[in-house]
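Undergrad: Coordinates in target.cif, mmCIF, C-alpha atoms, are listed below.
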```cif
data_entry
loop_
_atom_site.label_atom_id
_atom_site.label_comp_id
_atom_site.auth_asym_id
_atom_site.auth_seq_id
_atom_site.Cartn_x
_atom_site.Cartn_y
_atom_site.Cartn_z
CA MET V 22 40.43 -49.45 -43.01
CA GLU V 23 42.98 -50.37 -45.68
CA LEU V 24 45.71 -50.76 -43.04
CA LEU V 25 43.49 -52.78 -40.73
CA ASN V 26 42.40 -55.10 -43.55
CA ARG V 27 46.00 -55.55 -44.68
CA ILE V 28 47.26 -56.43 -41.20
CA THR V 29 44.36 -58.81 -40.60
CA ASP V 30 45.16 -60.59 -43.86
CA TYR V 31 48.83 -60.73 -42.89
CA LEU V 32 48.05 -62.30 -39.51
CA ILE V 33 45.72 -64.86 -41.08
CA ASP V 34 48.06 -65.69 -43.96
CA ASN V 35 50.97 -66.24 -41.57
CA GLU V 36 48.82 -68.05 -38.99
CA LEU V 37 49.77 -65.56 -36.29
CA LYS V 38 47.87 -65.00 -33.06
CA LEU V 39 48.19 -61.50 -31.58
CA ALA V 40 48.37 -60.24 -28.00
CA THR V 41 48.76 -56.61 -27.01
CA ALA V 42 50.06 -54.86 -23.92
CA GLU V 43 48.96 -51.24 -24.24
CA SER V 44 49.64 -48.32 -21.98
CA CYS V 45 49.00 -45.03 -23.77
CA THR V 46 46.69 -46.62 -26.37
CA ALA V 47 44.70 -48.48 -23.66
CA GLY V 48 43.34 -51.27 -25.86
CA LEU V 49 42.95 -49.20 -29.01
CA ILE V 50 45.16 -51.53 -31.08
CA VAL V 51 42.86 -54.48 -30.46
CA SER V 52 39.78 -52.30 -30.77
CA GLU V 53 40.86 -50.98 -34.17
CA LEU V 54 41.80 -54.40 -35.47
CA ALA V 55 38.47 -55.81 -34.26
CA ARG V 56 36.70 -53.48 -36.72
CA VAL V 57 37.67 -55.95 -39.46
CA PRO V 58 35.25 -58.90 -39.83
CA GLY V 59 37.05 -62.17 -39.14
CA SER V 60 39.93 -60.54 -37.28
CA GLY V 61 38.91 -62.30 -34.07
CA GLN V 62 40.53 -65.53 -35.20
CA SER V 63 43.91 -63.76 -35.04
CA ILE V 64 43.48 -62.02 -31.68
CA ASP V 65 44.43 -63.82 -28.47
CA CYS V 66 44.03 -61.01 -25.93
CA GLY V 67 44.49 -57.32 -25.28
CA LEU V 68 45.77 -55.88 -22.00
CA GLY V 69 45.41 -52.25 -21.00
CA VAL V 70 48.08 -51.58 -18.38
CA TYR V 71 48.53 -47.98 -17.26
CA SER V 72 50.07 -48.13 -13.80
CA PRO V 73 53.53 -49.47 -12.88
CA GLN V 74 51.77 -51.92 -10.56
CA SER V 75 49.63 -53.38 -13.37
CA LYS V 76 52.64 -53.62 -15.68
CA ASN V 77 54.43 -55.58 -12.97
CA ARG V 78 51.44 -57.69 -11.93
CA TYR V 79 50.22 -58.80 -15.34
CA LEU V 80 53.35 -58.59 -17.48
CA GLY V 81 56.26 -59.01 -15.10
CA VAL V 82 57.78 -55.61 -15.86
CA SER V 83 60.50 -55.01 -13.29
CA PHE V 84 60.12 -52.05 -10.94
CA ASP V 85 63.90 -51.71 -11.21
CA THR V 86 63.56 -51.18 -14.96
CA ILE V 87 60.79 -48.63 -14.49
CA GLU V 88 62.83 -46.72 -11.91
CA ARG V 89 66.04 -46.89 -13.90
CA CYS V 90 64.67 -46.17 -17.39
CA GLY V 91 61.33 -44.44 -16.78
CA LEU V 92 57.85 -45.54 -17.77
CA THR V 93 58.24 -44.13 -21.26
CA SER V 94 61.23 -46.17 -22.37
CA GLU V 95 62.06 -48.90 -24.82
CA ALA V 96 63.27 -51.09 -21.94
CA VAL V 97 59.82 -51.02 -20.34
CA ALA V 98 58.11 -51.59 -23.71
CA ILE V 99 60.29 -54.66 -24.34
CA GLU V 100 59.46 -56.14 -20.94
CA MET V 101 55.77 -55.48 -21.57
CA ALA V 102 55.93 -57.31 -24.89
CA ALA V 103 57.93 -60.15 -23.32
CA GLY V 104 55.33 -60.53 -20.58
CA ALA V 105 52.44 -60.51 -23.05
CA LEU V 106 54.11 -63.18 -25.18
CA ASN V 107 55.24 -65.28 -22.25
CA ASN V 108 51.87 -65.33 -20.47
CA ASN V 109 49.60 -66.03 -23.43
CA ASP V 110 49.21 -68.35 -26.42
CA ALA V 111 50.07 -65.63 -28.92
CA ASP V 112 52.76 -65.77 -31.62
CA VAL V 113 53.21 -62.00 -31.71
CA ALA V 114 52.82 -59.31 -29.08
CA LEU V 115 52.64 -55.54 -29.52
CA ALA V 116 53.40 -53.22 -26.62
CA ASN V 117 53.58 -49.47 -26.17
CA THR V 118 54.14 -46.97 -23.41
CA GLY V 119 54.16 -43.23 -23.85
CA ILE V 120 52.76 -39.75 -23.29
CA ALA V 121 49.57 -39.04 -25.25
CA GLY V 122 48.90 -35.77 -23.42
CA PRO V 123 47.62 -33.32 -22.46
CA ASN V 124 50.69 -32.88 -20.21
CA PRO V 125 54.32 -33.94 -20.60
CA GLY V 126 55.62 -36.86 -18.56
CA ASP V 127 56.85 -36.46 -15.00
CA ASP V 128 60.40 -36.57 -16.37
CA ASP V 129 59.50 -33.93 -18.98
CA THR V 130 59.13 -36.49 -21.75
CA PRO V 131 57.49 -34.54 -24.61
CA ILE V 132 53.83 -35.04 -25.43
CA GLY V 133 53.40 -37.51 -28.29
CA THR V 134 56.43 -39.65 -27.38
CA VAL V 135 55.64 -43.37 -27.63
CA CYS V 136 57.96 -46.34 -27.18
CA PHE V 137 56.99 -49.52 -29.04
CA ALA V 138 58.03 -53.15 -28.86
CA TRP V 139 57.18 -56.04 -31.16
CA ALA V 140 57.77 -59.57 -29.89
CA PHE V 141 57.57 -62.80 -31.88
CA ARG V 142 57.63 -66.46 -30.97
CA HIS V 143 59.59 -68.33 -33.65
CA ASN V 144 61.24 -71.76 -33.61
CA GLY V 145 61.11 -71.93 -29.82
CA ASP V 146 62.75 -68.52 -29.35
CA HIS V 147 61.46 -65.03 -28.61
CA HIS V 148 62.57 -62.16 -30.85
CA HIS V 149 62.01 -58.56 -29.77
CA TYR V 150 62.34 -55.25 -31.61
CA CYS V 151 61.68 -51.72 -30.45
CA GLU V 152 61.36 -48.12 -31.63
CA THR V 153 60.58 -44.72 -30.20
CA ARG V 154 58.43 -42.29 -32.20
CA ARG V 155 56.86 -38.89 -31.60
CA PHE V 156 53.40 -38.08 -32.95
CA ASP V 157 51.73 -34.70 -33.37
CA GLY V 158 48.16 -33.82 -32.49
CA GLU V 159 45.72 -33.89 -29.62
CA ARG V 160 45.61 -36.72 -27.10
CA ASN V 161 43.28 -39.06 -28.99
CA GLU V 162 44.99 -38.27 -32.29
CA VAL V 163 48.29 -39.41 -30.75
CA ARG V 164 46.66 -42.57 -29.41
CA LEU V 165 45.14 -43.49 -32.76
CA ALA V 166 48.36 -42.74 -34.64
CA ALA V 167 50.33 -44.88 -32.19
CA ALA V 168 47.90 -47.79 -32.50
CA HIS V 169 48.06 -47.72 -36.28
CA TYR V 170 51.84 -47.39 -36.28
CA ALA V 171 52.22 -50.48 -34.07
CA LEU V 172 50.13 -52.48 -36.52
CA GLU V 173 51.79 -51.00 -39.61
CA ARG V 174 55.28 -52.07 -38.49
CA LEU V 175 54.24 -55.61 -37.54
CA PRO V 176 54.95 -57.21 -40.96
CA HIS V 177 58.34 -55.48 -41.19
CA TYR V 178 59.57 -56.88 -37.89
CA HIS V 179 58.01 -60.27 -38.46
CA GLU V 180 59.96 -60.58 -41.70
CA LEU V 181 63.14 -59.55 -39.86
CA CYS V 182 62.39 -62.22 -37.30
CA LEU V 183 62.00 -64.89 -39.99
CA ALA V 184 65.25 -63.81 -41.64
CA SER V 185 67.23 -63.58 -38.42
CA ASP V 186 70.17 -66.00 -38.30
CA THR V 187 72.27 -64.40 -35.58
CA VAL V 188 71.75 -63.27 -32.01
CA SER V 189 71.32 -59.51 -32.11
CA ALA V 190 71.56 -56.96 -29.34
CA GLU V 191 67.78 -56.75 -29.30
CA GLU V 192 67.50 -60.50 -28.77
CA THR V 193 69.94 -60.26 -25.89
CA ARG V 194 67.73 -57.59 -24.36
CA SER V 195 64.70 -59.78 -25.00
CA ARG V 196 66.32 -62.65 -23.11
CA GLN V 197 66.76 -60.35 -20.14
CA ALA V 198 63.12 -59.30 -20.42
CA ILE V 199 61.96 -62.92 -20.56
CA GLN V 200 64.08 -63.72 -17.52
CA ARG V 201 62.56 -60.82 -15.56
CA ALA V 202 59.02 -61.69 -16.65
CA ILE V 203 59.33 -65.32 -15.56
CA GLY V 204 60.86 -64.32 -12.22
CA VAL V 205 58.03 -61.93 -11.48
CA GLN V 206 55.45 -64.47 -12.61
CA LEU V 207 56.82 -66.90 -10.01
CA GLN V 208 56.97 -64.14 -7.36
CA ALA V 209 60.75 -64.43 -6.99
CA ARG V 210 62.63 -61.53 -5.41
CA ARG V 211 66.29 -60.76 -5.04
CA GLY V 212 67.29 -60.31 -1.43
CA ILE V 213 64.95 -61.18 1.44
CA ASP V 214 64.84 -60.52 5.15
CA ALA V 215 64.78 -64.01 6.68
CA GLN V 216 63.12 -62.99 9.93
CA HIS V 217 60.42 -61.05 8.10
CA GLU V 218 59.75 -63.92 5.69
CA ILE V 219 59.46 -66.46 8.48
CA GLY V 220 56.89 -64.32 10.30
CA ARG V 221 55.02 -63.49 7.10
CA ARG V 222 54.74 -67.09 5.96
CA ARG V 223 53.82 -68.39 9.42
CA ASP V 224 51.08 -65.74 9.62
CA PHE V 225 49.93 -66.72 6.14
CA LEU V 226 49.29 -70.27 7.38
CA CYS V 227 47.45 -68.89 10.41
CA LYS V 228 45.27 -66.71 8.19
CA ILE V 229 44.39 -69.57 5.85
CA MET V 230 43.38 -71.75 8.79
CA GLN V 231 41.20 -69.00 10.18
CA GLU V 232 39.54 -68.20 6.86
CA SER V 233 38.95 -71.83 5.89
CA GLY V 234 37.79 -72.96 9.31
CA GLN V 235 40.21 -75.89 9.16
CA THR V 236 42.07 -76.82 12.35
CA THR V 237 44.81 -79.16 11.11
CA LEU V 238 47.85 -78.82 8.89
CA VAL V 239 49.28 -81.93 7.20
CA LEU V 240 52.71 -82.29 5.59
CA GLY V 241 54.91 -85.14 4.43
CA ILE V 242 58.48 -84.91 5.78
CA SER V 243 61.18 -86.26 3.47
CA GLY V 244 64.34 -85.10 5.21
CA GLY V 245 65.08 -82.40 2.63
CA VAL V 246 65.38 -78.69 3.34
CA ASP V 247 62.04 -77.76 1.73
CA SER V 248 59.86 -80.01 3.87
CA THR V 249 62.01 -79.23 6.92
CA VAL V 250 61.42 -75.49 6.59
CA ALA V 251 57.75 -75.85 5.63
CA GLY V 252 57.23 -78.23 8.54
CA ARG V 253 58.73 -75.85 11.07
CA LEU V 254 56.61 -72.99 9.72
CA ALA V 255 53.54 -75.20 10.10
CA GLN V 256 54.38 -76.02 13.71
CA LEU V 257 55.00 -72.35 14.51
CA ALA V 258 51.66 -71.49 12.91
CA VAL V 259 49.60 -73.95 14.93
CA GLU V 260 51.38 -72.91 18.13
CA LYS V 261 50.48 -69.28 17.42
CA ARG V 262 46.87 -70.25 16.77
CA ARG V 263 46.73 -72.06 20.10
CA GLU V 264 48.21 -69.05 21.86
CA GLU V 265 45.32 -67.05 20.42
CA GLY V 266 42.90 -69.52 21.96
CA GLU V 267 42.09 -71.39 18.76
CA LYS V 268 42.16 -75.11 18.11
CA ALA V 269 45.10 -76.07 15.89
CA HIS V 270 47.14 -79.21 15.27
CA PHE V 271 50.03 -80.19 12.96
CA VAL V 272 50.40 -83.72 11.61
CA ALA V 273 53.77 -84.60 10.09
CA MET V 274 53.86 -87.74 7.97
CA ARG V 275 56.64 -90.17 7.19
CA LEU V 276 55.83 -91.63 3.76
CA PRO V 277 58.66 -94.00 2.78
CA TYR V 278 58.57 -96.44 -0.11
CA GLY V 279 59.91 -99.54 1.58
CA GLU V 280 63.20 -98.72 3.26
CA GLN V 281 64.10 -95.03 2.96
CA GLN V 282 67.83 -94.68 2.32
CA ASP V 283 68.04 -91.29 4.02
CA ALA V 284 65.65 -92.17 6.85
CA ASP V 285 68.08 -90.69 9.38
CA ASP V 286 67.65 -87.29 7.73
CA ALA V 287 63.87 -87.53 8.06
CA ASP V 288 64.30 -88.38 11.74
CA LYS V 289 66.57 -85.35 12.21
CA ALA V 290 64.01 -83.14 10.46
CA LEU V 291 61.21 -84.34 12.73
CA ALA V 292 63.35 -83.83 15.82
CA PHE V 293 63.93 -80.24 14.71
CA ILE V 294 60.33 -79.52 13.66
CA GLN V 295 58.81 -81.01 16.83
CA PRO V 296 55.38 -81.63 15.26
CA ASP V 297 52.31 -82.26 17.37
CA GLU V 298 51.87 -85.70 15.82
CA VAL V 299 53.81 -88.02 13.53
CA LEU V 300 52.19 -90.69 11.37
CA ASP V 301 54.30 -93.30 9.56
CA VAL V 302 52.66 -94.65 6.40
CA ASN V 303 54.65 -96.89 4.07
CA ILE V 304 53.41 -96.44 0.51
CA LYS V 305 55.23 -99.41 -1.05
CA SER V 306 52.42 -101.96 -1.03
CA ALA V 307 49.83 -99.48 -2.35
CA SER V 308 52.15 -98.17 -5.08
CA ASP V 309 53.23 -101.63 -6.20
CA ALA V 310 49.63 -102.80 -6.22
CA ILE V 311 48.60 -100.02 -8.60
CA LEU V 312 51.47 -100.81 -10.97
CA GLU V 313 50.70 -104.53 -10.87
CA SER V 314 47.03 -103.82 -11.58
CA LEU V 315 47.98 -101.72 -14.58
CA GLU V 316 50.16 -104.48 -15.98
CA SER V 317 47.59 -107.20 -15.35
CA GLY V 318 45.06 -104.96 -17.07
CA GLY V 319 47.17 -104.94 -20.24
CA MET V 320 49.48 -101.99 -19.71
CA GLY V 321 52.88 -102.49 -21.33
CA PHE V 322 56.08 -100.45 -21.08
CA GLU V 323 58.77 -99.67 -23.60
CA ASP V 324 61.53 -100.70 -21.20
CA ILE V 325 62.42 -100.85 -17.50
CA HIS V 326 63.20 -97.15 -17.45
CA GLN V 327 59.70 -96.16 -18.60
CA ARG V 328 58.22 -98.55 -16.07
CA ASP V 329 60.34 -97.01 -13.32
CA PHE V 330 59.29 -93.50 -14.39
CA VAL V 331 55.61 -94.43 -14.15
CA LEU V 332 56.17 -96.04 -10.77
CA GLY V 333 57.92 -92.85 -9.59
CA ASN V 334 54.86 -90.78 -10.41
CA ILE V 335 52.64 -93.34 -8.70
CA LYS V 336 54.76 -92.99 -5.55
CA ALA V 337 54.40 -89.20 -5.56
CA ARG V 338 50.64 -89.38 -6.05
CA GLN V 339 50.25 -92.13 -3.47
CA ARG V 340 51.97 -89.92 -0.91
CA MET V 341 49.49 -87.17 -1.64
CA ILE V 342 46.56 -89.60 -1.41
CA ALA V 343 47.73 -90.47 2.11
CA GLN V 344 48.09 -86.82 3.12
CA TYR V 345 44.64 -85.89 1.83
CA ALA V 346 43.15 -88.89 3.60
CA ILE V 347 44.48 -87.55 6.90
CA ALA V 348 43.39 -84.00 6.04
CA GLY V 349 39.91 -85.21 5.21
CA ALA V 350 39.61 -87.14 8.45
CA ARG V 351 41.01 -84.37 10.65
CA GLY V 352 39.51 -81.25 9.07
CA GLY V 353 42.86 -80.22 7.68
CA LEU V 354 44.80 -78.55 4.90
CA VAL V 355 47.64 -80.19 3.02
CA ILE V 356 50.84 -78.16 2.83
CA GLY V 357 52.96 -78.19 -0.31
CA THR V 358 56.71 -77.61 -0.44
CA ASP V 359 56.87 -76.06 -3.91
CA GLN V 360 59.18 -73.05 -4.19
CA ALA V 361 60.18 -70.84 -7.11
CA ALA V 362 63.09 -73.01 -8.27
CA GLU V 363 60.97 -76.15 -8.60
CA ALA V 364 58.05 -74.17 -10.05
CA LEU V 365 60.38 -72.70 -12.68
CA MET V 366 61.58 -76.12 -13.80
CA GLY V 367 58.25 -77.91 -13.36
CA PHE V 368 60.17 -80.30 -11.11
CA PHE V 369 57.24 -81.90 -9.39
CA THR V 370 54.66 -84.56 -10.16
CA LYS V 371 51.38 -83.19 -11.39
CA TYR V 372 48.71 -84.09 -8.81
CA GLY V 373 51.47 -85.64 -6.74
CA ASP V 374 53.81 -83.43 -4.74
CA GLY V 375 52.46 -80.58 -6.88
CA ALA V 376 49.02 -81.00 -5.29
CA CYS V 377 48.31 -79.11 -2.08
CA ASP V 378 46.00 -76.61 -0.41
CA VAL V 379 48.63 -74.10 0.70
CA ALA V 380 52.19 -73.47 -0.47
CA PRO V 381 54.03 -71.37 2.14
CA LEU V 382 57.37 -71.44 0.29
CA THR V 383 56.01 -69.84 -2.89
CA GLY V 384 58.41 -67.35 -4.48
CA LEU V 385 61.52 -68.47 -2.59
CA THR V 386 64.62 -69.61 -4.43
CA LYS V 387 66.43 -72.69 -3.24
CA GLY V 388 69.09 -70.54 -1.62
CA GLN V 389 66.43 -68.50 0.17
CA VAL V 390 64.78 -71.67 1.53
CA ARG V 391 68.19 -72.64 2.89
CA LEU V 392 68.52 -69.17 4.41
CA LEU V 393 65.20 -69.57 6.23
CA GLY V 394 66.31 -72.98 7.41
CA GLN V 395 69.51 -71.54 8.83
CA TYR V 396 67.65 -68.73 10.56
CA LEU V 397 65.15 -71.19 12.05
CA GLY V 398 68.03 -73.24 13.45
CA ALA V 399 67.63 -76.37 11.31
CA PRO V 400 70.57 -78.81 11.34
CA SER V 401 73.19 -77.71 8.80
CA LEU V 402 73.24 -81.25 7.40
CA LEU V 403 69.64 -80.77 6.25
CA VAL V 404 70.00 -77.15 5.21
CA ASN V 405 72.92 -77.93 2.90
CA LYS V 406 71.78 -81.36 1.79
CA ALA V 407 71.97 -81.99 -1.97
CA PRO V 408 68.30 -82.21 -3.10
CA THR V 409 66.91 -85.45 -4.50
CA ALA V 410 63.33 -86.34 -5.39
CA ASP V 411 64.17 -90.03 -4.79
CA LEU V 412 61.37 -91.37 -6.99
CA GLU V 413 63.47 -93.67 -9.19
CA SER V 414 63.99 -97.24 -8.01
CA ILE V 415 66.64 -97.89 -10.67
CA ALA V 416 68.61 -94.78 -9.65
CA PRO V 417 67.74 -94.11 -6.00
CA GLN V 418 68.85 -90.80 -4.47
CA LYS V 419 69.45 -89.35 -7.94
CA LEU V 420 70.37 -85.70 -7.49
CA ASP V 421 67.88 -83.09 -8.71
CA GLU V 422 70.62 -81.18 -10.52
CA VAL V 423 71.52 -84.28 -12.54
CA ALA V 424 67.90 -84.73 -13.58
CA LEU V 425 67.47 -81.02 -14.35
CA GLY V 426 70.66 -80.54 -16.35
CA VAL V 427 71.35 -77.26 -14.57
CA SER V 428 72.46 -76.36 -11.06
CA TYR V 429 70.26 -74.79 -8.40
CA GLU V 430 72.76 -71.95 -8.23
CA GLU V 431 72.10 -71.19 -11.90
CA ILE V 432 68.35 -71.53 -11.38
CA ASP V 433 68.49 -69.11 -8.45
CA ASP V 434 70.59 -66.65 -10.48
CA PHE V 435 67.98 -66.80 -13.24
CA LEU V 436 65.13 -66.14 -10.80
CA GLU V 437 66.98 -63.28 -9.12
CA ASN V 438 67.67 -61.70 -12.52
CA ARG V 439 71.43 -62.27 -12.50
CA ASP V 440 73.46 -63.17 -15.56
CA VAL V 441 73.46 -66.86 -16.47
CA SER V 442 75.25 -68.72 -19.23
CA GLU V 443 73.53 -69.09 -22.59
CA GLN V 444 73.31 -72.85 -22.03
CA ALA V 445 71.68 -72.42 -18.63
CA PHE V 446 69.26 -69.83 -20.03
CA GLU V 447 68.18 -72.08 -22.87
CA THR V 448 67.79 -75.10 -20.59
CA ILE V 449 65.76 -73.18 -18.04
CA VAL V 450 63.47 -71.34 -20.47
CA THR V 451 62.88 -74.44 -22.62
CA THR V 452 62.00 -76.46 -19.53
CA TYR V 453 59.77 -73.67 -18.18
CA ARG V 454 57.78 -73.55 -21.41
CA ARG V 455 57.60 -77.32 -21.75
CA THR V 456 56.22 -77.73 -18.22
CA GLU V 457 53.71 -74.86 -18.40
CA HIS V 458 50.80 -77.31 -18.16
CA LYS V 459 51.91 -78.25 -14.64
CA ARG V 460 51.42 -74.69 -13.40
CA GLN V 461 47.94 -74.28 -14.89
CA LEU V 462 44.44 -75.40 -13.98
CA PRO V 463 42.95 -78.16 -16.14
CA ILE V 464 42.32 -77.01 -19.69
CA GLY V 465 38.71 -76.65 -20.82
CA PRO V 466 37.12 -75.90 -24.18
CA ASP V 467 37.06 -72.31 -25.41
#
```
Written as structure tokens, how would this file's structure read?

TA:
Amino acid sequence: MELLNRITDYLIDNELKLATAESCTAGLIVSELARVPGSGQSIDCGLGVYSPQSKNRYLGVSFDTIERCGLTSEAVAIEMAAGALNNNDADVALANTGIAGPNPGDDDTPIGTVCFAWAFRHNGDHHHYCETRRFDGERNEVRLAAAHYALERLPHYHELCLASDTVSAEETRSRQAIQRAIGVQLQARRGIDAQHEIGRRRDFLCKIMQESGQTTLVLGISGGVDSTVAGRLAQLAVEKRREEGEKAHFVAMRLPYGEQQDADDADKALAFIQPDEVLDVNIKSASDAILESLESGGMGFEDIHQRDFVLGNIKARQRMIAQYAIAGARGGLVIGTDQAAEALMGFFTKYGDGACDVAPLTGLTKGQVRLLGQYLGAPSLLVNKAPTADLESIAPQKLDEVALGVSYEEIDDFLENRDVSEQAFETIVTTYRRTEHKRQLPIGPD
């Protein structure tokens, strides 16, 4: 108990919250620590993850890493710790993977071999450290020794983390682990078969319609590649449902704010999609009315830029109000155009374009959305169009990449686990963490 009391005191004194990702110890670290009264205030969560599938599903451990390095490896332990830290509110994560017995590993890894990783969140960065140890004894003796060792070494590595002034090799490896974990969390994959993805995502829309009992799909068409591809998938889905003898209808919506500068692109997108029905709803009067009501009610703004930012979010939410009004009247589902690149950067308006019932582009990078557009036969002008949210009245048609501070090519490289510059990495990860609230359900009390 002396060790457990000491580590509990250390966590409390340093205001650290712990998460664990345990393979061979299967929750024993948290279980042991929980023996100490009051330790609960320092424990965020404990995950027992035995199989490769669970390590991938809950922690973002790459199957490529498992295949290349083996389950009992420091590389896997680091990715486990990175996933535990990235997916929870903890300040420190402990991870292990190893062979407790009674048999050696499939690759003849000796019984008692355990790989550990310690991960810390400090000053906005993640710091990771790892070790491999071999313990003697029977299966449960190995498990208990490994659990205690992980806790025993926590203060040592935390102090190294606090004293760290330079980027070490371990931190470089931790950046790679963070990158993999985020990519898996957003369901991004390197290399896709366009034909397969088109069929899979069309069938997904068909399945959701069947399961929900809804007969209509609704989507706003902007003239960009995302809504063009999503719109064509929606039309293909309702046509397949009708071929199967079911009632199905797709409503495409034009939702301009006044005069849309790239209206010709929206027209080209609709001509390509060939939706069952097109509704044209101008959101300018409704959006302006809300802003005017806010100001007449006493709302003030710091400057014209803040006012324009608020109006931009009103526009996005007003467009979604219109789409849900149609869906409610027609027994329909609202389609979202969010894909992995925008999800990564939180580049959408919460409860605006981020609100939807189904998101058929989930997991696709921007380049992969373009690939699907090409395969579907969309006009090259739309497929290769420079993306713009077009929510700012002061700076209309402002390019996404200008607003993001990083290119879509760099974002796609990050998602597909390719090397990116240090500046791009920091921009992407900082933005991902800052916009986490957009990807979560509303927060409730503990």

Undergrad: How many Å lie between atom CA of Val205 of chain V and atom CA of Leu385 of chain V, rounded to one decimal?

TA: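 Pair atom CA of Val205 of chain V / atom CA of Leu385 of chain V returns 11.6 Å.
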
Undergrad: Mind pulling up the distance from atom CA of Ala111 of chain V to atom CA of Ser72 of chain V?

TA: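 Computing it gives 23.1 Å between the two atoms.
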
Undergrad: Could you work out how far atom CA of Arg89 of chain V lies from atom CA of Ala166 of chain V, giving the answer in Å with one decimal?

TA: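 One can read the atom CA of Ala166 of chain V to atom CA of Arg89 of chain V distance as 27.6 Å.
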
Undergrad: My list of candidates is V:Asp128, V:Asp146, V:Asp329, V:Glu36. Which is closest to Leu106 of chain V when distances are computed with only C-alpha atoms?

TA: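 The answer is V:Asp146, which sits nearest to Leu106 of chain V.
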
Undergrad: At a cut-off of 12 Å from (41.7, -63.6, -39.8) in the coordinates of the file, what residues are picked up using all atoms listed in the file, written as a VMD selection string?

TA: chain V and resid 25 to 39 54 to 65

Undergrad: Check which residues satisfy the PyMOL selection byres ((chain V and resi 387-402) around 7) in the file shown, then give them as an MDAnalysis selection string.

TA: chainID V and resid 215 219 246:247 250 293 362 385:386 403:406 429 433

Undergrad: Just the selected residues (C-alpha atoms), exported as a tab-separated table (two decimals), in the frame of the given file, please.

TA:
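Final file, result-v6.tsv:
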```tsv
chain	number	residue	atom	x	y	z
V	215	ALA	CA	64.78	-64.01	6.68
V	219	ILE	CA	59.46	-66.46	8.48
V	246	VAL	CA	65.38	-78.69	3.34
V	247	ASP	CA	62.04	-77.76	1.73
V	250	VAL	CA	61.42	-75.49	6.59
V	293	PHE	CA	63.93	-80.24	14.71
V	362	ALA	CA	63.09	-73.01	-8.27
V	385	LEU	CA	61.52	-68.47	-2.59
V	386	THR	CA	64.62	-69.61	-4.43
V	403	LEU	CA	69.64	-80.77	6.25
V	404	VAL	CA	70.00	-77.15	5.21
V	405	ASN	CA	72.92	-77.93	2.90
V	406	LYS	CA	71.78	-81.36	1.79
V	429	TYR	CA	70.26	-74.79	-8.40
V	433	ASP	CA	68.49	-69.11	-8.45
```
